$ cat work_10.cif   # mmCIF, C-alpha atoms
data_start
loop_
_atom_site.label_atom_id
_atom_site.label_comp_id
_atom_site.auth_asym_id
_atom_site.auth_seq_id
_atom_site.Cartn_x
_atom_site.Cartn_y
_atom_site.Cartn_z
CA MET B 1 -71.11 70.54 112.58
CA VAL B 2 -69.76 67.45 113.99
CA LEU B 3 -67.53 65.32 111.79
CA THR B 4 -67.53 61.77 112.55
CA MET B 5 -64.92 59.37 111.39
CA SER B 6 -65.78 55.88 111.03
CA ASN B 7 -63.20 53.69 112.55
CA PRO B 8 -61.48 51.30 110.01
CA THR B 9 -62.31 47.77 110.58
CA PRO B 10 -59.45 46.07 112.35
CA LEU B 11 -57.78 43.24 110.49
CA SER B 12 -59.00 40.63 112.82
CA ARG B 13 -62.52 41.60 112.14
CA ARG B 14 -62.44 41.71 108.40
CA PRO B 15 -64.83 39.28 106.86
CA ALA B 16 -63.46 35.91 105.80
CA SER B 17 -64.44 36.53 102.21
CA ALA B 18 -62.02 39.34 101.89
CA VAL B 19 -58.93 38.27 99.87
CA GLU B 20 -55.54 39.20 100.84
CA VAL B 21 -53.89 40.53 97.68
CA PRO B 22 -50.15 40.63 97.94
CA SER B 23 -48.24 43.22 96.03
CA ARG B 24 -48.37 42.48 92.24
CA ASN B 25 -45.33 44.40 91.21
CA PRO B 26 -42.75 41.62 91.72
CA LEU B 27 -44.88 39.13 89.79
CA ILE B 28 -45.31 41.44 86.85
CA ALA B 29 -41.62 42.10 86.84
CA LEU B 30 -40.83 38.39 86.86
CA PHE B 31 -43.25 37.75 84.01
CA ALA B 32 -41.75 40.51 81.93
CA LEU B 33 -38.28 39.14 82.56
CA LEU B 34 -39.29 35.68 81.46
CA LEU B 35 -40.95 37.03 78.33
CA ALA B 36 -37.91 39.00 77.39
CA ALA B 37 -35.70 35.97 77.95
CA GLY B 38 -37.92 33.91 75.71
CA VAL B 39 -37.77 36.45 72.94
CA PHE B 40 -34.01 36.71 73.36
CA PHE B 41 -33.21 33.00 73.25
CA VAL B 42 -35.72 31.77 70.62
CA THR B 43 -33.89 32.99 67.62
CA PRO B 44 -34.93 32.17 64.05
CA ALA B 45 -33.32 29.00 62.55
CA TYR B 46 -32.04 30.81 59.50
CA SER B 47 -31.24 34.21 58.50
CA GLN B 48 -33.98 36.06 56.79
CA ASP B 49 -31.86 38.24 54.73
CA ALA B 50 -33.85 39.76 51.99
CA GLY B 51 -32.22 40.31 48.67
CA THR B 52 -31.39 38.62 45.37
CA GLU B 53 -28.40 36.56 46.60
CA GLY B 54 -30.54 34.28 48.76
CA ASP B 55 -33.14 33.80 46.04
CA GLY B 56 -30.51 32.93 43.45
CA ALA B 57 -28.93 30.28 45.65
CA PHE B 58 -32.32 28.82 46.36
CA ALA B 59 -33.19 28.63 42.66
CA ALA B 60 -29.88 26.96 41.92
CA VAL B 61 -30.53 24.34 44.58
CA ARG B 62 -33.97 23.64 43.16
CA LYS B 63 -32.55 23.33 39.65
CA GLU B 64 -30.04 20.77 40.84
CA GLU B 65 -32.80 18.85 42.54
CA PHE B 66 -34.87 18.74 39.35
CA LYS B 67 -31.88 17.61 37.36
CA SER B 68 -31.13 14.73 39.67
CA LEU B 69 -34.83 13.81 39.74
CA ASP B 70 -34.91 13.73 35.97
CA GLN B 71 -31.88 11.49 35.91
CA GLU B 72 -33.50 9.19 38.39
CA VAL B 73 -36.63 8.97 36.26
CA GLN B 74 -34.57 8.16 33.17
CA ALA B 75 -32.69 5.45 35.04
CA LEU B 76 -35.97 4.03 36.26
CA LYS B 77 -37.38 3.96 32.73
CA LYS B 78 -34.31 2.12 31.49
CA GLU B 79 -34.65 -0.42 34.27
CA VAL B 80 -38.28 -1.00 33.35
CA LEU B 81 -37.36 -1.57 29.70
CA ASP B 82 -34.58 -3.97 30.66
CA LEU B 83 -36.95 -5.84 32.94
CA ASN B 84 -39.55 -6.07 30.20
CA ARG B 85 -36.99 -7.52 27.83
CA ASP B 86 -35.77 -10.05 30.37
CA LEU B 87 -39.33 -11.12 31.13
CA PHE B 88 -40.05 -11.61 27.44
CA ILE B 89 -37.01 -13.83 27.00
CA LEU B 90 -37.87 -15.79 30.13
CA GLU B 91 -41.42 -16.29 28.94
CA GLU B 92 -40.19 -17.63 25.63
CA GLU B 93 -37.78 -19.98 27.37
CA LEU B 94 -40.56 -21.25 29.60
CA LEU B 95 -43.09 -21.70 26.83
CA PHE B 96 -40.68 -23.06 24.22
CA PRO B 97 -37.86 -24.83 26.02
CA ALA B 98 -34.91 -25.67 23.81
CA ASN B 99 -35.19 -29.42 24.22
CA THR B 100 -38.68 -29.62 22.66
CA GLN B 101 -38.51 -26.55 20.43
CA VAL B 102 -39.32 -26.67 16.76
CA ALA B 103 -38.93 -23.62 14.56
CA ILE B 104 -39.92 -23.40 10.89
CA PHE B 105 -38.55 -20.68 8.65
CA VAL B 106 -39.51 -19.47 5.18
CA SER B 107 -37.02 -18.06 2.73
CA MET B 108 -37.09 -17.13 -0.94
CA ASP B 109 -34.45 -17.13 -3.60
CA VAL B 110 -34.88 -14.93 -6.68
CA GLY B 111 -38.64 -15.37 -7.07
CA THR B 112 -38.98 -14.87 -10.80
CA PHE B 113 -41.34 -17.76 -11.27
CA PHE B 114 -43.38 -17.45 -8.11
CA LYS B 115 -45.05 -14.64 -6.19
CA LEU B 116 -45.72 -15.85 -2.68
CA ASP B 117 -49.19 -15.29 -1.23
CA SER B 118 -49.47 -17.61 1.75
CA VAL B 119 -47.92 -20.58 3.50
CA GLN B 120 -49.90 -23.21 5.37
CA ILE B 121 -48.12 -25.66 7.64
CA LYS B 122 -49.38 -28.93 9.05
CA LEU B 123 -47.52 -30.94 11.65
CA ASN B 124 -48.68 -34.52 12.06
CA ASN B 125 -51.80 -33.68 10.05
CA LYS B 126 -52.72 -30.79 12.29
CA GLU B 127 -52.65 -27.22 10.98
CA VAL B 128 -50.25 -25.16 13.05
CA SER B 129 -49.81 -22.09 10.90
CA ASN B 130 -51.53 -20.29 8.07
CA TYR B 131 -49.67 -17.10 7.22
CA LEU B 132 -50.67 -14.54 4.60
CA TYR B 133 -47.79 -12.52 3.18
CA THR B 134 -48.27 -8.91 2.22
CA ASP B 135 -46.38 -7.42 -0.73
CA ARG B 136 -43.92 -5.83 1.66
CA GLU B 137 -43.25 -9.07 3.47
CA ALA B 138 -42.80 -10.99 0.23
CA ASP B 139 -40.42 -8.31 -0.95
CA ALA B 140 -38.44 -8.61 2.27
CA LEU B 141 -38.09 -12.34 1.67
CA LEU B 142 -36.84 -11.69 -1.84
CA ARG B 143 -34.24 -9.33 -0.45
CA GLY B 144 -32.82 -12.10 1.69
CA GLY B 145 -35.06 -12.00 4.73
CA VAL B 146 -35.98 -15.17 6.59
CA HIS B 147 -39.34 -15.42 8.31
CA ARG B 148 -39.95 -17.61 11.35
CA VAL B 149 -43.44 -18.77 10.47
CA PHE B 150 -43.88 -21.25 13.32
CA LEU B 151 -42.43 -21.86 16.76
CA GLY B 152 -43.71 -24.74 18.84
CA ASN B 153 -42.93 -27.82 20.87
CA LEU B 154 -42.70 -31.44 19.76
CA LYS B 155 -42.03 -34.66 21.61
CA VAL B 156 -39.07 -36.81 20.77
CA GLY B 157 -39.82 -39.19 17.90
CA GLU B 158 -40.99 -39.32 14.28
CA HIS B 159 -42.98 -36.44 12.88
CA GLU B 160 -44.37 -35.31 9.55
CA LEU B 161 -44.35 -31.77 8.23
CA VAL B 162 -46.44 -30.73 5.24
CA ALA B 163 -46.16 -27.23 3.83
CA PHE B 164 -48.51 -25.73 1.23
CA PHE B 165 -47.36 -22.74 -0.78
CA THR B 166 -49.97 -20.57 -2.46
CA GLY B 167 -49.17 -17.78 -4.84
CA GLN B 168 -48.94 -16.78 -8.46
CA GLY B 169 -46.76 -18.66 -10.86
CA THR B 170 -45.69 -17.72 -14.33
CA HIS B 171 -48.23 -15.86 -16.45
CA THR B 172 -49.99 -14.77 -13.21
CA ARG B 173 -51.48 -18.20 -12.87
CA ASP B 174 -52.64 -19.25 -9.40
CA TYR B 175 -50.24 -21.74 -7.96
CA ARG B 176 -50.48 -24.14 -5.04
CA ARG B 177 -47.81 -26.63 -4.22
CA GLY B 178 -47.05 -28.84 -1.27
CA ALA B 179 -43.84 -30.18 0.17
CA THR B 180 -43.44 -32.91 2.80
CA LEU B 181 -40.72 -33.69 5.26
CA GLU B 182 -40.57 -36.59 7.67
CA PHE B 183 -38.10 -36.00 10.41
CA GLU B 184 -36.91 -37.36 13.69
CA LYS B 185 -37.13 -35.05 16.68
CA GLY B 186 -34.35 -35.76 19.08
CA VAL B 187 -33.15 -33.98 22.14
CA GLY B 188 -32.43 -30.40 21.28
CA ALA B 189 -34.12 -27.79 19.14
CA LYS B 190 -35.11 -28.60 15.57
CA TYR B 191 -34.96 -25.98 12.82
CA VAL B 192 -36.60 -26.50 9.45
CA GLU B 193 -36.33 -24.21 6.44
CA LEU B 194 -38.93 -23.94 3.70
CA LYS B 195 -37.08 -22.56 0.73
CA ILE B 196 -38.68 -21.31 -2.44
CA SER B 197 -36.29 -20.96 -5.32
CA ASP B 198 -36.36 -20.78 -9.10
CA LEU B 199 -35.60 -23.83 -11.15
CA GLU B 200 -34.29 -22.32 -14.36
CA ARG B 201 -34.14 -25.67 -16.06
CA LYS B 202 -37.89 -26.14 -15.83
CA GLN B 203 -38.83 -22.47 -15.68
CA GLN B 204 -40.77 -23.22 -12.55
CA PRO B 205 -40.44 -22.59 -8.84
CA GLU B 206 -38.96 -25.22 -6.62
CA PHE B 207 -40.04 -25.85 -3.03
CA ILE B 208 -37.47 -27.39 -0.77
CA VAL B 209 -37.93 -28.41 2.83
CA LYS B 210 -34.68 -28.98 4.66
CA GLU B 211 -33.44 -29.35 8.18
CA TRP B 212 -30.76 -27.16 9.63
CA GLU B 213 -27.98 -29.09 11.23
CA MET X 214 -99.78 6.76 35.39
CA ASN X 215 -99.92 3.10 34.47
CA MET X 216 -97.07 1.13 36.13
CA ARG X 217 -96.50 -0.84 33.02
CA ALA X 218 -95.99 2.34 31.03
CA ILE X 219 -93.53 3.56 33.60
CA TYR X 220 -91.54 0.34 33.43
CA LEU X 221 -91.55 0.46 29.65
CA CYS X 222 -90.33 4.05 29.62
CA GLY X 223 -87.58 3.17 32.05
CA LEU X 224 -86.49 0.24 29.93
CA LEU X 225 -86.44 2.30 26.75
CA LEU X 226 -84.38 4.97 28.42
CA THR X 227 -81.82 2.56 29.81
CA LEU X 228 -81.60 0.26 26.80
CA PRO X 229 -79.16 2.43 24.82
CA ALA X 230 -76.88 2.47 27.85
CA LEU X 231 -76.95 -1.31 28.01
CA VAL X 232 -76.25 -1.82 24.33
CA THR X 233 -72.79 -0.29 24.22
CA GLY X 234 -71.14 -2.64 21.77
CA ALA X 235 -68.33 -4.88 22.90
CA SER X 236 -65.76 -3.29 20.57
CA ALA X 237 -66.05 -0.10 22.63
CA SER X 238 -63.80 -1.87 25.13
CA LEU X 239 -60.97 -1.44 22.61
CA ASP X 240 -61.10 2.33 22.94
CA GLY X 241 -57.68 3.46 24.11
CA GLN X 242 -56.09 0.06 23.47
CA ALA X 243 -53.62 -0.99 20.82
CA ALA X 244 -55.55 -2.17 17.78
CA PRO X 245 -55.15 -5.96 17.37
CA ASP X 246 -53.09 -6.70 14.27
CA PHE X 247 -54.48 -8.79 11.45
CA VAL X 248 -53.89 -9.66 7.82
CA LEU X 249 -56.68 -10.30 5.30
CA LYS X 250 -56.98 -10.80 1.59
CA SER X 251 -58.27 -7.78 -0.28
CA LEU X 252 -60.53 -7.36 -3.29
CA THR X 253 -57.49 -6.73 -5.51
CA GLY X 254 -55.96 -10.05 -4.47
CA SER X 255 -53.18 -8.68 -2.30
CA ASN X 256 -52.87 -9.33 1.42
CA LEU X 257 -53.12 -6.29 3.65
CA ARG X 258 -51.79 -6.17 7.20
CA LEU X 259 -53.00 -3.51 9.61
CA SER X 260 -49.61 -2.93 11.23
CA GLU X 261 -48.14 -1.91 7.87
CA TYR X 262 -50.28 1.20 8.06
CA ARG X 263 -48.63 2.35 11.26
CA GLY X 264 -47.96 6.03 10.84
CA ASP X 265 -51.24 6.66 9.06
CA VAL X 266 -54.62 7.38 10.58
CA VAL X 267 -56.67 4.28 9.86
CA MET X 268 -60.39 3.80 9.84
CA ILE X 269 -61.66 0.21 9.98
CA ASN X 270 -65.24 -0.27 8.92
CA PHE X 271 -66.87 -3.67 9.45
CA TRP X 272 -69.74 -4.20 7.03
CA ALA X 273 -71.94 -6.81 5.39
CA THR X 274 -74.02 -6.95 2.21
CA TRP X 275 -77.20 -7.63 4.18
CA CYS X 276 -76.76 -4.48 6.28
CA GLY X 277 -78.91 -1.59 5.05
CA ARG X 278 -77.11 1.06 7.08
CA CYS X 279 -73.83 -0.12 5.60
CA ARG X 280 -75.10 0.57 2.09
CA THR X 281 -76.05 4.08 3.15
CA GLU X 282 -72.74 4.67 4.83
CA MET X 283 -70.33 3.30 2.21
CA PRO X 284 -70.50 6.09 -0.40
CA LEU X 285 -69.92 8.68 2.35
CA LEU X 286 -66.92 6.75 3.64
CA ASP X 287 -65.59 6.44 0.13
CA GLU X 288 -65.78 10.19 -0.28
CA MET X 289 -63.97 10.67 3.01
CA TYR X 290 -61.25 8.26 1.91
CA ASP X 291 -60.79 10.04 -1.37
CA ARG X 292 -60.52 13.41 0.35
CA TYR X 293 -57.98 12.53 3.04
CA ARG X 294 -55.94 9.65 1.63
CA LYS X 295 -53.27 11.99 0.34
CA VAL X 296 -52.57 13.35 3.79
CA GLY X 297 -52.04 10.07 5.60
CA PHE X 298 -55.48 8.58 5.99
CA THR X 299 -56.46 5.03 5.10
CA LEU X 300 -59.79 3.27 5.24
CA LEU X 301 -60.08 -0.52 5.41
CA GLY X 302 -63.52 -1.97 4.78
CA VAL X 303 -63.72 -5.42 6.35
CA ASN X 304 -66.56 -7.50 4.96
CA ILE X 305 -67.86 -10.38 7.05
CA ASP X 306 -70.08 -12.13 4.50
CA ASP X 307 -69.75 -15.89 4.23
CA ASP X 308 -69.37 -15.59 0.48
CA ARG X 309 -66.91 -12.96 -0.68
CA ARG X 310 -68.36 -12.89 -4.18
CA ARG X 311 -71.43 -11.03 -2.99
CA ALA X 312 -69.25 -8.52 -1.22
CA ALA X 313 -67.07 -8.07 -4.27
CA GLU X 314 -70.14 -7.51 -6.41
CA MET X 315 -71.52 -4.89 -4.05
CA ALA X 316 -68.16 -3.12 -3.81
CA GLN X 317 -67.96 -2.92 -7.57
CA THR X 318 -71.56 -1.73 -7.88
CA LEU X 319 -70.91 1.06 -5.40
CA GLY X 320 -67.60 1.88 -7.08
CA LEU X 321 -65.67 1.81 -3.82
CA LYS X 322 -62.12 3.07 -3.98
CA PHE X 323 -60.97 2.12 -0.50
CA PRO X 324 -59.51 -1.34 0.14
CA VAL X 325 -62.11 -4.01 0.81
CA LEU X 326 -60.95 -6.97 2.88
CA PHE X 327 -62.65 -10.32 3.35
CA ASP X 328 -63.14 -11.86 6.76
CA GLU X 329 -65.17 -14.92 5.84
CA SER X 330 -63.89 -16.88 8.81
CA LYS X 331 -65.00 -14.00 11.12
CA LYS X 332 -61.64 -14.26 12.87
CA VAL X 333 -60.97 -10.54 12.76
CA SER X 334 -64.51 -9.50 13.61
CA ARG X 335 -64.32 -11.76 16.68
CA MET X 336 -60.99 -10.20 17.59
CA TYR X 337 -62.67 -6.80 17.51
CA ASP X 338 -65.82 -8.03 19.29
CA VAL X 339 -68.06 -6.92 16.46
CA ASP X 340 -71.66 -7.58 17.44
CA ASP X 341 -73.45 -4.87 15.51
CA MET X 342 -73.42 -3.59 11.93
CA PRO X 343 -71.72 -1.44 10.86
CA VAL X 344 -68.90 -0.91 13.34
CA THR X 345 -66.36 1.81 12.70
CA LEU X 346 -63.09 2.32 14.51
CA LEU X 347 -60.53 5.08 14.18
CA ILE X 348 -56.91 4.23 14.91
CA ASP X 349 -54.24 6.86 15.39
CA ARG X 350 -50.74 6.92 13.96
CA SER X 351 -49.38 4.95 16.89
CA GLY X 352 -51.83 2.11 16.35
CA VAL X 353 -54.13 2.97 19.26
CA VAL X 354 -57.90 2.78 18.90
CA ARG X 355 -59.23 6.27 19.57
CA TYR X 356 -62.86 6.13 18.53
CA VAL X 357 -65.46 3.41 18.18
CA ASN X 358 -68.89 3.85 16.64
CA ASN X 359 -71.57 1.18 16.53
CA GLY X 360 -74.16 1.63 13.84
CA PHE X 361 -74.50 4.75 11.74
CA PRO X 362 -76.71 7.17 13.66
CA PRO X 363 -77.44 10.64 12.24
CA GLY X 364 -74.50 12.95 12.56
CA SER X 365 -71.94 10.16 12.34
CA GLU X 366 -70.39 11.47 9.17
CA GLU X 367 -69.64 14.85 10.73
CA ALA X 368 -68.23 13.14 13.79
CA TYR X 369 -65.96 11.00 11.62
CA VAL X 370 -64.63 13.98 9.70
CA ASP X 371 -64.06 15.86 12.92
CA LYS X 372 -62.17 12.95 14.49
CA ILE X 373 -60.14 12.27 11.36
CA ARG X 374 -59.03 15.87 11.15
CA THR X 375 -58.09 15.86 14.83
CA LEU X 376 -56.02 12.70 14.47
CA LEU X 377 -54.35 13.91 11.29
CA ARG X 378 -53.27 17.06 13.05
CA GLU X 379 -51.63 15.13 15.90
#
$ encode --input "work_10.cif" --output "structure tokens"
Amino acid sequence: MVLTMSNPTPLSRRPASAVEVPSRNPLIALFALLLAAGVFFVTPAYSQDAGTEGDGAFAAVRKEEFKSLDQEVQALKKEVLDLNRDLFILEEELLFPANTQVAIFVSMDVGTFFKLDSVQIKLNNKEVSNYLYTDREADALLRGGVHRVFLGNLKVGEHELVAFFTGQGTHTRDYRRGATLEFEKGVGAKYVELKISDLERKQQPEFIVKEWE
Amino acid sequence: MNMRAIYLCGLLLTLPALVTGASASLDGQAAPDFVLKSLTGSNLRLSEYRGDVVMINFWATWCGRCRTEMPLLDEMYDRYRKVGFTLLGVNIDDDRRRAAEMAQTLGLKFPVLFDESKKVSRMYDVDDMPVTLLIDRSGVVRYVNNGFPPGSEEAYVDKIRTLLRE
């Protein structure tokens, strides 16, 4: 038996396609070292201690946050209400500036001889207000309340106010009376009061229209 | 199928959706305040009923459905008035005498108000008869019903009870 050994191909004769593979051990070692270093240096940002102490602190922080948020909301609500009020006042000042403003008020004194039902107001022959009074509102007037029945603007000069009072007089008789006032509107607001009072002497109601100075 | 029939069917199906009633736009809004003279002679203002559940029913003497509805509403008023419910019947006839006569014939117990000038019915965009609104204790319109279709009475009672419980 003859054994033959094939001669290994010399390096110079190895085909070009053959790839020279260097030793992989140093590369693997380097990679492992880098991985370990990464794990070592990238530490968690906070401690992950389990247990009730951490949870309790966290809950307390959240509670504080809610409390401050609630306070902020309340403050915001208050600001909105204040703003709403300021806007309302501004709107009134814009629509009814003091120099042209006219306000008419209704008041009652005693009220034995007259039960107020409605008041109609005409300024310069033009109806500006027609107000129906409920029992509660009439009662409020009797108790000393004053009702601003009209608020408007008038130019400077002569004007005529006519007020009609409708209600029930003595013996539940229907009653309708008028009162007239001619006044001069100057610079500045004008306030007029329509007063209903009892005239004991005549056992009848009296309707007075007067200007506030 | 005939095209005309198809169009007609389509129109009939969509018509109820188109006719929604303008007062439905008040749903969820504050009920506009008003004051009207009542059958008893006193003036009644809506805002004075704040705190009660209020039903406003717009009606007219020439409205057949109103005549059917009124006795049922009266019964409802009688049942729930003691627990904070009020019903205001607003009549829109040009002549209040006819309305007063009808109210007395029907023996209505709830307040009947007269809106001859149609000021309040315009405020509430009433364009159908009858129109019924339910207002909660805070003065907000919570339910609007145009007409009086079958089942309305049960719906009213249901809504009233819900609002009373609030």
$ atom_distance --input "work_10.cif" --atom1 "CA of Thr274 in chain X" --atom2 "CA of Arg335 in chain X"
18.1 Å
$ resolve_selection --input "work_10.cif" --expression "the PyMOL selection byres ((chain B) within 9 of (chain X))" --output "VMD selection string"
chain B and resid 117 to 118 131 to 136
$ atom_distance --input "work_10.cif" --atom1 "CA of Phe323 in chain X" --atom2 "CA of Asp174 in chain B"
24.6 Å
$ atom_distance --input "work_10.cif" --atom1 "CA of Gly157 in chain B" --atom2 "CA of Glu211 in chain B"
15.2 Å
$ resolve_selection --input "work_10.cif" --expression "the PyMOL selection byres ((chain X and resi 379) around 10)" --output "PDB file with C-alpha atoms, in the frame of the given file"
ATOM      1  CA  VAL X 266     -54.620   7.380  10.580  1.00  0.00           C
ATOM      2  CA  ASP X 349     -54.240   6.860  15.390  1.00  0.00           C
ATOM      3  CA  ARG X 350     -50.740   6.920  13.960  1.00  0.00           C
ATOM      4  CA  ARG X 374     -59.030  15.870  11.150  1.00  0.00           C
ATOM      5  CA  THR X 375     -58.090  15.860  14.830  1.00  0.00           C
ATOM      6  CA  LEU X 376     -56.020  12.700  14.470  1.00  0.00           C
ATOM      7  CA  LEU X 377     -54.350  13.910  11.290  1.00  0.00           C
ATOM      8  CA  ARG X 378     -53.270  17.060  13.050  1.00  0.00           C
TER       9      ARG X 378
END
$ resolve_selection --input "work_10.cif" --expression "the PyMOL selection byres ((chain X and resi 366) around 12)" --output "ChimeraX atom specification"
/X:281-289,345,358,360-365,367-373
$ closest_residue --input "work_10.cif" --among "B:Leu69, B:Leu33, B:Val119, B:Val187" --to "Ser107 in chain B" --atoms "all atoms listed in the file"
B:Val119
$ residues_near_point --input "work_10.cif" --point "(-46.2, -16.5, -5.0)" --cutoff "7 Å" --atoms "all atoms listed in the file" --output "ChimeraX atom specification"
/B:114-117,166-169
$ residues_around --input "work_10.cif" --residues "Ala244 in chain X" --least-positions-apart "2" --cutoff "7 Å" --atoms "only C-alpha atoms" --output "list in words"
Gln242, Asp246, Gly352, Val353 and Val354 of chain X
$ closest_residue --input "work_10.cif" --among "X:Ile305, X:Val296, X:Val325, X:Leu252" --to "Val339 in chain X" --atoms "only C-alpha atoms"
X:Ile305
